[in-house]
Amino acid sequence: MLGNFGEFFGAIAVLATLVYLVIQIKQNNKLLTATVYESAMEGYISLNRIVLESAEYASIARRGLTRMPELDEDEAFRFNMALRNFFNQVYKLYRLHEQGVLPEKEWENAANDAANILSTDAGKAFRKGNQFHADLFAALDRVDSPESISFTLD
């Protein structure tokens with residue numbers, strides 16, 4: 001009879017442990033999701049901060065997206081580095097999506113933004129000259145993007 005009680009309480013302990021582990025896994029998943037979103041937003045915020053804090057760079061970015069040939073050699077270099085930063089951010093999100101960490105809708109939003117940039121003359125030139133992001137570009141080609149937005153600020 002004592003053996004039966006021992007088995008019963010042992011089963012209860014195992015069940016309680018399993019319930020505890022399920023709760024811990026759910027909490028860890030929520031924490032992971034929050035961390036992913038924070039990382040994604042911080043990447044975009046840091047890119048936007050550059051434009052917001054520098055009228056010179058805001059002008060380079062606007063002209064780079066709308067009238068790339070107007071940029072002088074140094075401006076074109078700076079704009080290309082900014083595109084690299086942007087696509088590195090999107091690449092990070094792509095990899096998180098591939099791993100099942102970033103939800104499909106969030107990936108589609110980032111992919112649509114990136115596809116719009118790639119549809120500009122500057123984006124086409126960047127794509128042609130950048131093999132590091134080749135698998136990202138292929139993934140962007142598979143995303144159903146809305147019509148390209150216009151970067152003119154008229």
# chains A, B, ... in the order shown; residues from 1 in each chain; ligands from 1
call {"tool": "residues_around", "arguments": {"residues": "range 41-45 of chain A", "least_positions_apart": "6", "cutoff": "12 Å", "atoms": "only C-alpha atoms", "output": "PDB file with C-alpha atoms, in the first residue's frame"}}
result
ATOM      1  CA  ALA A  34      10.149  40.494 -27.236  1.00  0.00           C
ATOM      2  CA  THR A  35      13.910  40.344 -27.767  1.00  0.00           C
ATOM      3  CA  VAL A  51      18.853  60.752 -41.232  1.00  0.00           C
ATOM      4  CA  LEU A  52      17.027  62.632 -38.486  1.00  0.00           C
ATOM      5  CA  GLU A  53      20.204  63.974 -36.904  1.00  0.00           C
ATOM      6  CA  ALA A  82      23.755  53.209 -45.695  1.00  0.00           C
ATOM      7  CA  ASN A  85      23.413  48.869 -43.212  1.00  0.00           C
ATOM      8  CA  PHE A  86      19.771  48.723 -44.237  1.00  0.00           C
ATOM      9  CA  PHE A  87      20.142  45.417 -46.061  1.00  0.00           C
ATOM     10  CA  ASN A  88      22.189  43.966 -43.194  1.00  0.00           C
ATOM     11  CA  GLN A  89      19.204  44.748 -40.966  1.00  0.00           C
ATOM     12  CA  VAL A  90      16.802  43.087 -43.411  1.00  0.00           C
ATOM     13  CA  TYR A  91      19.202  40.149 -43.748  1.00  0.00           C
ATOM     14  CA  LYS A  92      19.102  39.657 -39.982  1.00  0.00           C
ATOM     15  CA  LEU A  93      15.304  39.610 -40.095  1.00  0.00           C
ATOM     16  CA  GLU A 106       6.652  40.710 -39.819  1.00  0.00           C
ATOM     17  CA  ALA A 110      10.370  44.101 -43.837  1.00  0.00           C
ATOM     18  CA  ASP A 113      10.230  47.786 -47.550  1.00  0.00           C
TER      19      ASP A 113
END
call {"tool": "residues_around", "arguments": {"residues": "Arg63 in chain A", "least_positions_apart": "3", "cutoff": "10 Å", "atoms": "only C-alpha atoms", "output": "number ranges by chain"}}
result
A: 57-60, 66-71, 75-76, 79, 122, 151-152
call {"tool": "write_last_selection", "arguments": {"atoms": "C-alpha atoms", "output": "PDB file, in the first residue's frame"}}
result
ATOM      1  CA  TYR A  57      22.724  62.892 -44.744  1.00  0.00           C
ATOM      2  CA  ALA A  58      18.964  63.353 -45.127  1.00  0.00           C
ATOM      3  CA  SER A  59      19.706  65.141 -48.391  1.00  0.00           C
ATOM      4  CA  ILE A  60      22.067  62.355 -49.519  1.00  0.00           C
ATOM      5  CA  THR A  66      15.235  59.617 -56.129  1.00  0.00           C
ATOM      6  CA  ARG A  67      18.112  61.011 -58.224  1.00  0.00           C
ATOM      7  CA  MET A  68      21.176  58.824 -57.673  1.00  0.00           C
ATOM      8  CA  PRO A  69      23.270  60.327 -60.516  1.00  0.00           C
ATOM      9  CA  GLU A  70      23.278  63.690 -58.699  1.00  0.00           C
ATOM     10  CA  LEU A  71      25.422  62.331 -55.867  1.00  0.00           C
ATOM     11  CA  GLU A  75      28.003  61.059 -51.248  1.00  0.00           C
ATOM     12  CA  ALA A  76      27.502  57.945 -53.386  1.00  0.00           C
ATOM     13  CA  PHE A  79      24.738  56.258 -49.508  1.00  0.00           C
ATOM     14  CA  ALA A 122      20.080  52.956 -56.520  1.00  0.00           C
ATOM     15  CA  PHE A 151      10.381  58.184 -52.886  1.00  0.00           C
ATOM     16  CA  THR A 152       9.695  61.622 -54.288  1.00  0.00           C
TER      17      THR A 152
END
call {"tool": "atom_distance", "arguments": {"atom1": "CA of Gln24 in chain A", "atom2": "CA of Glu108 in chain A"}}
result
29.7 Å
call {"tool": "atom_distance", "arguments": {"atom1": "CA of Leu2 in chain A", "atom2": "CA of Tyr20 in chain A"}}
result
26.6 Å
call {"tool": "residues_around", "arguments": {"residues": "Leu65 in chain A", "least_positions_apart": "4", "cutoff": "8 Å", "atoms": "only C-alpha atoms", "output": "list in words"}}
result
Ala61, Ile117, Thr120, Asp121, Ala122, Gly123 and Phe151 of chain A
call {"tool": "write_last_selection", "arguments": {"atoms": "C-alpha atoms", "output": "PDB file, in the first residue's frame"}}
result
ATOM      1  CA  ALA A  61      19.505  59.666 -48.678  1.00  0.00           C
ATOM      2  CA  ILE A 117      14.278  50.113 -52.061  1.00  0.00           C
ATOM      3  CA  THR A 120      14.877  52.219 -57.271  1.00  0.00           C
ATOM      4  CA  ASP A 121      17.825  52.857 -59.581  1.00  0.00           C
ATOM      5  CA  ALA A 122      20.080  52.956 -56.520  1.00  0.00           C
ATOM      6  CA  GLY A 123      18.649  49.676 -55.277  1.00  0.00           C
ATOM      7  CA  PHE A 151      10.381  58.184 -52.886  1.00  0.00           C
TER       8      PHE A 151
END
call {"tool": "residues_around", "arguments": {"residues": "Thr33 in chain A", "least_positions_apart": "3", "cutoff": "12 Å", "atoms": "only C-alpha atoms", "output": "list in words"}}
result
Lys26, Gln27, Asn28, Asn29, Lys30, Val36, Tyr37, Glu38, Ser39, Ala40, Leu96, His97, Gly100, Val101, Leu102, Pro103 and Glu106 of chain A
call {"tool": "write_last_selection", "arguments": {"atoms": "C-alpha atoms", "output": "PDB file, in the first residue's frame"}}
result
ATOM      1  CA  LYS A  26       5.852  29.788 -22.677  1.00  0.00           C
ATOM      2  CA  GLN A  27       7.548  32.538 -20.678  1.00  0.00           C
ATOM      3  CA  ASN A  28      10.834  31.967 -22.501  1.00  0.00           C
ATOM      4  CA  ASN A  29       9.044  32.116 -25.864  1.00  0.00           C
ATOM      5  CA  LYS A  30       7.476  35.443 -24.904  1.00  0.00           C
ATOM      6  CA  VAL A  36      13.488  39.748 -31.501  1.00  0.00           C
ATOM      7  CA  TYR A  37      11.106  42.696 -31.864  1.00  0.00           C
ATOM      8  CA  GLU A  38      13.380  44.932 -29.812  1.00  0.00           C
ATOM      9  CA  SER A  39      16.358  43.992 -31.967  1.00  0.00           C
ATOM     10  CA  ALA A  40      14.412  44.585 -35.173  1.00  0.00           C
ATOM     11  CA  LEU A  96      15.320  35.072 -37.998  1.00  0.00           C
ATOM     12  CA  HIS A  97      12.338  34.318 -40.223  1.00  0.00           C
ATOM     13  CA  GLY A 100      10.988  30.370 -37.356  1.00  0.00           C
ATOM     14  CA  VAL A 101      11.613  33.158 -34.849  1.00  0.00           C
ATOM     15  CA  LEU A 102      10.196  36.085 -36.854  1.00  0.00           C
ATOM     16  CA  PRO A 103       6.533  35.636 -37.855  1.00  0.00           C
ATOM     17  CA  GLU A 106       6.652  40.710 -39.819  1.00  0.00           C
TER      18      GLU A 106
END
call {"tool": "atom_distance", "arguments": {"atom1": "CA of Val22 in chain A", "atom2": "CA of Asn4 in chain A"}}
result
27.0 Å
call {"tool": "select_by_dssp", "arguments": {"residues": "range 31-150 of chain A", "states": "helix (DSSP H, G or I)", "output": "VMD selection string"}}
result
chain A and resid 31 to 53 55 to 66 68 to 70 73 to 98 104 to 118 121 to 128 134 to 142
call {"tool": "closest_residue", "arguments": {"among": "A:Val19, A:Asn80, A:Phe9, A:Ile25", "to": "Asn130 in chain A", "atoms": "only C-alpha atoms"}}
result
A:Asn80
